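Undergrad: Quick one, final37.csv (CSV, C-alpha atoms and all ligand atoms):
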chain,number,residue,atom,x,y,z
A,2,MET,CA,75.6,163.0,43.1
A,3,LYS,CA,79.3,162.7,44.3
A,4,LEU,CA,80.4,159.6,46.0
A,5,HIS,CA,81.9,160.3,49.4
A,6,ASN,CA,85.3,158.7,48.5
A,7,ALA,CA,85.6,160.5,45.1
A,8,PRO,CA,88.7,162.7,44.8
A,9,ALA,CA,88.1,166.4,45.3
A,10,ALA,CA,88.1,168.5,42.1
A,11,GLY,CA,91.7,169.1,40.9
A,12,ILE,CA,93.2,166.3,42.9
A,13,ARG,CA,94.4,163.4,40.7
A,14,ARG,CA,93.8,159.9,42.0
A,15,PRO,CA,97.2,158.1,42.1
A,16,PRO,CA,97.5,155.3,39.5
A,17,ARG,CA,96.2,152.0,40.7
A,18,ARG,CA,99.1,149.6,41.5
A,19,ARG,CA,98.9,146.3,39.7
A,20,ARG,CA,99.1,143.3,41.9
A,21,ARG,CA,102.1,141.1,41.3
A,22,ASN,CA,101.4,137.6,40.1
A,23,CYS,CA,102.3,134.6,42.2
A,24,VAL,CA,105.4,132.9,40.9
A,25,SER,CA,105.3,129.7,42.9
A,26,PRO,CA,106.1,126.5,41.1
A,27,LEU,CA,102.5,125.6,41.2
A,28,SER,CA,101.4,128.7,39.4
A,29,ALA,CA,104.2,128.1,37.0
A,30,GLU,CA,102.4,124.9,36.2
A,31,GLY,CA,99.1,126.7,36.3
A,32,SER,CA,96.8,126.2,33.4
A,33,VAL,CA,94.2,128.9,32.6
A,34,SER,CA,93.5,132.5,33.4
A,35,LYS,CA,91.0,132.9,36.1
A,36,SER,CA,89.9,135.3,38.8
A,37,ASN,CA,90.3,134.5,42.4
A,38,CYS,CA,90.5,136.4,45.7
A,39,PHE,CA,94.1,137.5,44.8
A,40,GLY,CA,93.0,139.0,41.5
A,41,THR,CA,93.4,137.7,38.0
A,42,VAL,CA,95.9,134.8,37.7
A,43,PRO,CA,97.4,134.8,34.2
A,44,ALA,CA,97.6,131.7,32.1
A,45,PHE,CA,101.0,130.0,31.9
A,46,HIS,CA,102.2,129.8,28.3
A,47,GLY,CA,105.0,127.4,27.6
A,48,GLU,CA,108.3,128.5,29.1
A,49,ASP,CA,107.4,132.1,30.0
A,50,PRO,CA,110.1,132.8,32.6
A,51,ARG,CA,108.0,135.4,34.4
A,52,TYR,CA,106.1,132.5,36.0
A,53,ILE,CA,109.0,130.2,36.9
A,54,VAL,CA,110.8,130.4,40.2
A,55,PRO,CA,114.7,130.2,40.0
A,56,ALA,CA,114.8,126.7,41.5
A,57,TYR,CA,112.4,125.5,38.9
A,58,ASN,CA,114.9,126.6,36.2
A,59,ARG,CA,117.5,124.1,37.4
A,60,PRO,CA,117.9,120.7,35.9
A,61,VAL,CA,115.1,118.4,37.1
A,62,ARG,CA,116.3,115.1,35.6
A,63,ASP,CA,117.9,113.7,38.7
A,64,ALA,CA,117.1,113.5,42.4
A,65,ALA,CA,118.9,116.8,43.3
A,66,GLY,CA,116.9,118.7,40.7
A,67,LEU,CA,113.6,117.2,41.9
A,68,GLN,CA,114.6,118.0,45.5
A,69,ASP,CA,115.1,121.6,44.5
A,70,PHE,CA,111.8,121.7,42.8
A,71,LEU,CA,109.9,120.3,45.8
A,72,ALA,CA,111.8,122.5,48.2
A,73,ALA,CA,110.6,125.5,46.2
A,74,VAL,CA,107.0,124.3,46.5
A,75,VAL,CA,107.4,123.8,50.2
A,76,ALA,CA,109.0,127.2,50.7
A,77,CYS,CA,106.6,129.2,48.4
A,78,ASP,CA,103.2,127.6,48.7
A,79,PRO,CA,100.9,129.3,51.3
A,80,ARG,CA,99.2,125.9,51.9
A,81,ASN,CA,102.2,124.7,53.7
A,82,ARG,CA,100.9,126.3,56.9
A,83,LEU,CA,98.8,125.2,59.8
A,84,PRO,CA,95.3,126.9,59.7
A,85,GLU,CA,95.5,127.5,63.5
A,86,GLY,CA,97.3,130.1,65.6
A,87,CYS,CA,100.1,132.0,63.9
A,88,ASN,CA,100.1,129.6,60.9
A,89,ILE,CA,103.4,128.0,61.5
A,90,PRO,CA,104.9,126.1,58.5
A,91,ILE,CA,104.0,122.4,58.3
A,92,PHE,CA,107.0,121.0,56.4
A,93,GLU,CA,110.7,121.8,55.7
A,94,ALA,CA,112.7,121.0,52.6
A,95,PRO,CA,112.2,117.4,51.4
A,96,LEU,CA,114.6,114.6,50.5
A,97,VAL,CA,114.2,112.9,47.2
A,98,GLY,CA,115.2,109.4,46.1
A,99,ILE,CA,114.8,107.6,42.8
A,100,ALA,CA,114.5,103.9,42.1
A,101,ASP,CA,114.6,102.0,38.8
A,102,ALA,CA,111.1,100.7,38.2
A,103,HIS,CA,112.5,97.3,37.5
A,104,ASP,CA,114.6,97.1,40.7
A,105,ALA,CA,114.4,93.6,42.1
A,106,LEU,CA,113.5,94.9,45.5
A,107,PHE,CA,110.0,95.8,44.2
A,108,ASP,CA,109.5,92.0,43.8
A,109,ASP,CA,110.7,91.4,47.3
A,110,LEU,CA,108.1,93.8,48.7
A,111,ARG,CA,105.5,91.3,47.5
A,112,LYS,CA,106.8,88.5,49.7
A,113,PRO,CA,104.7,87.6,52.8
A,114,GLY,CA,106.2,89.3,55.9
A,115,VAL,CA,107.6,92.2,53.9
A,116,VAL,CA,104.5,93.9,52.7
A,117,GLY,CA,102.8,90.9,51.0
A,118,PRO,CA,101.3,89.9,47.7
A,119,ILE,CA,98.8,92.8,47.9
A,120,HIS,CA,101.8,95.1,47.0
A,121,VAL,CA,102.0,95.7,43.3
A,122,LEU,CA,104.9,96.5,40.9
A,123,PRO,CA,105.4,100.0,39.3
A,124,ASP,CA,104.2,98.6,36.0
A,125,TYR,CA,100.8,98.0,37.5
A,126,TRP,CA,100.3,101.7,38.0
A,127,LEU,CA,101.9,102.7,34.7
A,128,PRO,CA,102.6,100.1,32.0
A,129,GLY,CA,106.1,100.9,30.7
A,130,ALA,CA,107.2,102.6,34.0
A,131,ARG,CA,110.9,103.3,34.1
A,132,SER,CA,111.5,105.2,37.4
A,133,VAL,CA,109.9,105.7,40.8
A,134,ILE,CA,110.4,109.0,42.5
A,135,SER,CA,110.0,108.9,46.3
A,136,TYR,CA,110.3,111.7,48.8
A,137,PHE,CA,110.3,112.3,52.5
A,138,VAL,CA,109.1,115.7,53.7
A,139,PRO,CA,110.1,116.4,57.4
A,140,PHE,CA,107.7,118.2,59.8
A,141,SER,CA,109.0,121.7,60.6
A,142,GLY,CA,111.0,122.4,63.8
A,143,GLU,CA,108.0,124.5,65.0
A,144,ILE,CA,105.7,121.4,64.9
A,145,LYS,CA,108.3,119.1,66.5
A,146,THR,CA,109.2,121.4,69.3
A,147,ALA,CA,105.5,121.8,70.2
A,148,TYR,CA,105.6,118.2,71.3
A,149,VAL,CA,105.9,118.1,75.1
A,150,LYS,CA,107.7,115.0,76.4
A,151,GLY,CA,105.7,113.0,78.9
A,152,ARG,CA,102.3,114.4,78.0
A,153,ARG,CA,99.8,111.7,77.0
A,154,LEU,CA,98.0,113.8,74.4
A,155,PRO,CA,99.9,115.1,71.3
A,156,PRO,CA,99.8,118.9,70.8
A,157,LEU,CA,97.3,120.5,68.5
A,158,GLU,CA,100.2,121.5,66.2
A,159,TRP,CA,101.0,117.8,65.7
A,160,VAL,CA,97.5,116.5,65.0
A,161,SER,CA,96.8,119.5,62.8
A,162,GLY,CA,100.1,119.0,60.9
A,163,ARG,CA,99.3,115.4,60.4
A,164,LEU,CA,95.9,116.0,58.7
A,165,ASN,CA,96.6,119.4,57.0
A,166,GLY,CA,100.1,118.1,56.2
A,167,GLU,CA,98.7,115.2,54.3
A,168,ILE,CA,96.5,117.5,52.3
A,169,PHE,CA,99.6,119.6,51.4
A,170,ASN,CA,101.4,116.3,50.7
A,171,ASN,CA,98.9,115.8,47.9
A,172,VAL,CA,99.8,119.2,46.6
A,173,LEU,CA,103.4,118.0,46.4
A,174,ARG,CA,102.5,114.8,44.7
A,175,ARG,CA,100.5,116.7,42.1
A,176,ALA,CA,103.2,119.3,41.6
A,177,LEU,CA,105.6,116.5,40.8
A,178,LEU,CA,103.1,114.9,38.5
A,179,ARG,CA,102.6,118.1,36.5
A,180,LEU,CA,106.3,118.7,36.3
A,181,LEU,CA,106.9,115.2,34.8
A,182,GLN,CA,104.0,115.8,32.4
A,183,LYS,CA,105.6,119.1,31.4
A,184,LEU,CA,108.8,117.2,30.6
A,185,GLY,CA,106.8,115.1,28.2
A,186,ALA,CA,106.6,112.1,30.5
A,187,LYS,CA,103.6,110.0,31.7
A,188,ALA,CA,103.2,109.8,35.5
A,189,VAL,CA,100.8,108.2,38.0
A,190,ILE,CA,100.5,108.9,41.8
A,191,PRO,CA,99.7,105.5,43.2
A,192,ASN,CA,98.3,106.7,46.5
A,193,LEU,CA,95.8,109.0,44.8
A,194,ASP,CA,94.9,106.4,42.1
A,195,ILE,CA,91.4,105.0,42.2
A,196,ARG,CA,93.0,101.5,42.2
A,197,TYR,CA,94.8,102.1,45.5
A,198,LYS,CA,93.5,100.2,48.6
A,199,ALA,CA,94.8,98.7,51.8
A,200,GLU,CA,93.7,95.5,53.6
A,201,ASN,CA,94.4,94.7,57.2
A,202,TRP,CA,97.0,97.6,57.3
A,203,LEU,CA,98.7,96.1,54.3
A,204,PRO,CA,98.7,98.7,51.4
A,205,LYS,CA,98.8,98.1,47.7
A,206,TRP,CA,101.6,100.6,47.6
A,207,SER,CA,103.7,101.4,50.7
A,208,GLU,CA,105.3,104.9,50.6
A,209,ARG,CA,107.8,103.8,53.3
A,210,HIS,CA,108.9,100.6,51.5
A,211,VAL,CA,109.2,102.5,48.2
A,212,GLY,CA,111.3,105.1,50.0
A,213,PHE,CA,113.6,102.3,51.2
A,214,VAL,CA,114.0,101.0,47.6
A,215,ALA,CA,114.6,104.6,46.4
A,216,GLY,CA,117.5,105.1,48.8
A,217,LEU,CA,115.9,107.4,51.3
A,218,GLY,CA,116.6,105.3,54.4
A,219,THR,CA,116.0,102.1,56.4
A,220,PHE,CA,113.3,101.0,58.9
A,221,GLY,CA,113.3,101.6,62.6
A,222,LEU,CA,111.9,99.5,65.4
A,223,HIS,CA,108.9,101.8,65.4
A,224,ALA,CA,108.3,100.8,61.7
A,225,GLY,CA,108.9,104.3,60.4
A,226,LEU,CA,111.7,105.1,57.9
A,227,LEU,CA,114.9,106.5,59.3
A,228,THR,CA,116.3,109.2,56.9
A,229,VAL,CA,119.1,111.7,57.2
A,230,LYS,CA,116.3,114.2,58.1
A,231,GLY,CA,114.8,112.0,60.7
A,232,THR,CA,111.6,110.0,60.9
A,233,ALA,CA,109.0,112.6,61.8
A,234,GLY,CA,107.5,113.6,58.4
A,235,ARG,CA,105.3,112.3,55.6
A,236,MET,CA,106.2,110.5,52.4
A,237,GLY,CA,105.0,110.5,48.8
A,238,SER,CA,105.9,108.9,45.4
A,239,VAL,CA,105.2,109.1,41.7
A,240,VAL,CA,105.7,106.4,39.1
A,241,THR,CA,106.9,107.7,35.7
A,242,ASN,CA,108.0,106.4,32.3
A,243,LEU,CA,110.8,109.0,32.3
A,244,VAL,CA,114.3,107.5,32.6
A,245,LEU,CA,116.0,109.0,35.6
A,246,PRO,CA,119.3,108.0,37.3
A,247,PRO,CA,118.5,105.8,40.3
A,248,VAL,CA,120.0,106.8,43.7
A,249,GLN,CA,122.7,104.4,44.9
A,250,ARG,CA,121.4,103.0,48.2
A,251,PRO,CA,123.9,103.8,51.0
A,252,TYR,CA,122.8,100.7,52.9
A,253,THR,CA,122.1,97.0,52.3
A,254,GLY,CA,119.8,95.8,55.1
A,255,PRO,CA,116.3,97.0,55.9
A,256,TYR,CA,117.1,97.9,59.5
A,257,GLU,CA,120.7,99.1,59.1
A,258,TYR,CA,120.1,102.5,60.6
A,259,CYS,CA,118.3,101.4,63.8
A,260,PRO,CA,120.7,100.6,66.7
A,261,TRP,CA,118.0,98.5,68.4
A,262,LYS,CA,117.8,96.3,65.3
A,263,THR,CA,121.5,96.0,64.9
A,264,LYS,CA,122.9,96.0,68.5
A,265,LYS,CA,119.9,96.0,70.8
A,266,ARG,CA,120.8,99.6,71.8
A,267,CYS,CA,118.4,102.6,72.1
A,268,GLY,CA,114.8,101.4,72.2
A,269,ALA,CA,113.6,105.0,73.0
A,270,CYS,CA,110.5,104.5,70.8
A,271,MET,CA,109.4,101.6,73.0
A,272,LYS,CA,109.6,103.8,76.1
A,273,ALA,CA,107.9,106.7,74.3
A,274,CYS,CA,104.8,104.7,73.3
A,275,PRO,CA,102.1,105.3,76.0
A,276,VAL,CA,100.2,102.1,75.2
A,277,GLY,CA,103.1,99.6,74.6
A,278,ALA,CA,102.4,99.3,70.9
A,279,VAL,CA,106.1,99.2,70.2
A,280,THR,CA,107.8,96.1,71.6
A,281,PRO,CA,111.2,94.4,70.9
A,282,GLY,CA,109.3,92.6,68.1
A,283,GLY,CA,108.2,95.7,66.4
A,284,LYS,CA,105.0,97.8,66.2
A,285,ASP,CA,101.6,96.3,66.8
A,286,HIS,CA,99.3,98.4,64.5
A,287,ARG,CA,96.1,97.2,66.3
A,288,VAL,CA,97.2,98.5,69.7
A,289,CYS,CA,98.3,101.8,68.0
A,290,VAL,CA,95.1,102.3,66.1
A,291,THR,CA,93.0,101.5,69.3
A,292,ASN,CA,94.9,104.2,71.2
A,293,THR,CA,94.1,106.8,68.5
A,294,ALA,CA,90.4,105.8,68.3
A,295,LYS,CA,89.9,105.7,72.1
A,296,TYR,CA,91.9,108.7,73.3
A,297,ILE,CA,93.1,111.0,70.6
A,298,ARG,CA,90.1,111.2,68.3
A,299,PRO,CA,87.7,112.1,71.2
A,300,ALA,CA,90.1,114.7,72.5
A,301,TYR,CA,90.4,116.5,69.1
A,302,SER,CA,86.9,115.7,67.9
A,303,ALA,CA,86.1,119.5,67.6
A,304,TRP,CA,88.8,119.8,65.0
A,305,GLY,CA,88.4,116.4,63.4
A,306,TYR,CA,92.1,115.6,64.0
A,307,HIS,CA,93.8,112.5,65.2
A,308,GLY,CA,97.3,110.9,65.2
A,309,CYS,CA,99.7,110.2,68.1
A,310,GLY,CA,103.3,110.6,67.2
A,311,HIS,CA,105.0,109.8,70.5
A,312,CYS,CA,107.1,107.3,68.6
A,313,GLN,CA,108.3,110.0,66.1
A,314,ASN,CA,109.2,112.9,68.5
A,315,ASN,CA,111.9,113.5,71.1
A,316,LEU,CA,113.9,110.5,69.9
A,317,PRO,CA,117.4,110.0,68.7
A,318,CYS,CA,116.0,109.4,65.2
A,319,SER,CA,113.3,112.2,65.2
A,320,ASP,CA,115.1,114.7,63.0
A,321,ARG,CA,118.4,113.0,62.1
A,322,LEU,CA,119.9,109.5,61.8
A,323,PRO,CA,120.8,107.9,65.1
A,324,ALA,CA,124.4,108.9,65.9
A,325,GLU,CA,126.0,105.4,65.2
A,326,ALA,CA,124.2,105.2,61.8
A,327,ALA,CA,125.2,108.7,60.9
A,328,THR,CA,128.9,108.0,61.7
A,329,ARG,CA,128.8,104.8,59.7
A,330,ARG,CA,127.1,106.5,56.8
A,331,LYS,CA,129.8,109.2,56.7
A,332,SER,CA,132.6,106.7,56.6
A,333,LEU,CA,131.2,105.0,53.5
A,401,LIG,S1,114.0,105.4,68.8
A,401,LIG,FE1,115.9,104.2,68.7
A,401,LIG,S2,115.2,102.0,68.6
A,401,LIG,FE2,113.4,103.3,68.0
A,401,LIG,S3,113.5,103.4,65.8
A,401,LIG,FE3,114.6,105.2,66.6
A,401,LIG,S4,116.7,104.6,66.6
A,401,LIG,FE4,115.5,102.7,66.5
A,402,LIG,S1,101.7,106.3,67.2
A,402,LIG,FE1,101.5,106.4,69.5
A,402,LIG,S2,100.3,104.6,70.0
A,402,LIG,FE2,101.1,104.3,68.0
A,402,LIG,S3,103.0,103.2,68.2
A,402,LIG,FE3,103.5,105.4,68.1
A,402,LIG,S4,103.6,106.1,70.2
A,402,LIG,FE4,102.5,104.1,70.2
So, in terms of structure tokens, how does the structure I just supplied come out?
TA:
Amino acid sequence: MKLHNAPAAGIRRPPRRRRRNCVSPLSAEGSVSKSNCFGTVPAFHGEDPRYIVPAYNRPVRDAAGLQDFLAAVVACDPRNRLPEGCNIPIFEAPLVGIADAHDALFDDLRKPGVVGPIHVLPDYWLPGARSVISYFVPFSGEIKTAYVKGRRLPPLEWVSGRLNGEIFNNVLRRALLRLLQKLGAKAVIPNLDIRYKAENWLPKWSERHVGFVAGLGTFGLHAGLLTVKGTAGRMGSVVTNLVLPPVQRPYTGPYEYCPWKTKKRCGACMKACPVGAVTPGGKDHRVCVTNTAKYIRPAYSAWGYHGCGHCQNNLPCSDRLPAEAATRRKSL
């Protein structure tokens, strides 16, 4: 019996086209051949250039090289997309900083009032640690412009980006880990380590504070880190025994980039917070968390999303440094 889609006698079926293999940095680091819905993914054997994207071929032994590597993951990986609507991208190209694992500022983070004694040193995660890589990955313009000023509830794009963005942030953390391992180094992701915990909003490893030590930026009144790509984004870090050149911090004080902290100017984040959680004294985490639990979680319960973000959007520090800080930084 003939199948209805069999070619008629004398007509040759065109040769089947072979599906091209994915060349994202993650597949470059891929391990074994396996089948998935995209077809068969070949194993990555050593330095086979067919499975390495151009950016991945650049030197990766400094912050610029690592930044290129993570930018390639952000640009190529299909998981960097919201699952809703027309799947807008979650993140844009990241910033990368590097700290010496023995930088004295890591000891300072353990002081009460900074993070506290709960915060541990890089050696805790990886005995013999030499460097700490920290990155800031900004939310995409599409996510930030979805934020309507004056509306109490954040948009779906923001709350989805926060949750799905953190899932993708783990992809970035693991990509970095595998890259370091491929370079022959040992590496640990503190925030995914089983020993990680937080007590009373004080974490054993604070991504924001590590970013400050690694030269990414200083704190704002709203407690977020102010970077040259703004404050609206997520952060990650990896501790490694690879010796990498530390980034020279272009600041000395912990609040140097925030005009409210230096000259009592701006204060836009105080006005933006709908529940008064940001005050001249800083951010009250209890008030902030209560707002999320009471208003935002119920509104997005069907999606399982939460997060507020009024103090990260439509501000002078949302996607850049506040003007004064940017000018000062340029003159350095
Ligand atoms: S909005 Fe203004 S006061 Fe608030 S953190 Fe940003 S720069 Fe500082
Ligand atoms: S996340 Fe929302 S509630 Fe919390 S401090 Fe920022 S604006 Fe206020």
Undergrad: Enter the distance from atom S2 of ligand LIG 402 (chain A) to CA of Arg209 (chain A), in Å, rounded to one decimal.
TA: 18.3 Å
Undergrad: Report as an mmCIF file with C-alpha atoms, in the coordinates of the input which protein, DNA and RNA residues come within 6 Å of ligand LIG 402 (chain A), using all atoms listed in the file.
TA:
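Saved as pocket_34.cif:
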data_model
loop_
_atom_site.group_PDB
_atom_site.id
_atom_site.type_symbol
_atom_site.label_atom_id
_atom_site.label_comp_id
_atom_site.auth_asym_id
_atom_site.auth_seq_id
_atom_site.Cartn_x
_atom_site.Cartn_y
_atom_site.Cartn_z
ATOM 1 C CA ALA A 273 107.900 106.700 74.300
ATOM 2 C CA CYS A 274 104.800 104.700 73.300
ATOM 3 C CA PRO A 275 102.100 105.300 76.000
ATOM 4 C CA VAL A 276 100.200 102.100 75.200
ATOM 5 C CA ALA A 278 102.400 99.300 70.900
ATOM 6 C CA VAL A 279 106.100 99.200 70.200
ATOM 7 C CA CYS A 289 98.300 101.800 68.000
ATOM 8 C CA ASN A 292 94.900 104.200 71.200
ATOM 9 C CA CYS A 309 99.700 110.200 68.100
ATOM 10 C CA GLY A 310 103.300 110.600 67.200
ATOM 11 C CA HIS A 311 105.000 109.800 70.500
ATOM 12 C CA CYS A 312 107.100 107.300 68.600
#
Undergrad: List all protein, DNA and RNA residues that have at least one atom no more than 10 Å from any atom of ligand LIG 401 (chain A), counting all atoms listed in the file, and write them as JSON, numbers by chain.
TA: {"A": [219, 220, 221, 222, 223, 224, 225, 226, 227, 231, 232, 256, 257, 258, 259, 260, 261, 262, 263, 264, 265, 266, 267, 268, 269, 270, 271, 272, 273, 279, 280, 281, 283, 312, 313, 314, 315, 316, 317, 318, 319, 321, 322, 323, 324, 325, 326]}
Undergrad: Mind giving me the straight-line distance from CA of Ala105 (chain A) to CA of Ala215 (chain A) in Å, one decimal?
TA: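 We find that CA of Ala105 (chain A) and CA of Ala215 (chain A) lie 11.8 Å from each other.
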Undergrad: Residues at most 12 Å from Asn201 (chain A), counting only C-alpha atoms, excluding those fewer than 5 positions away in the same chain, as number ranges by chain?
TA: A: 116-117, 119, 286-287, 290
Undergrad: Grab the CA of Leu243 (chain A) to CA of Arg174 (chain A) distance for me, in Å with one decimal place.
TA: 16.0 Å
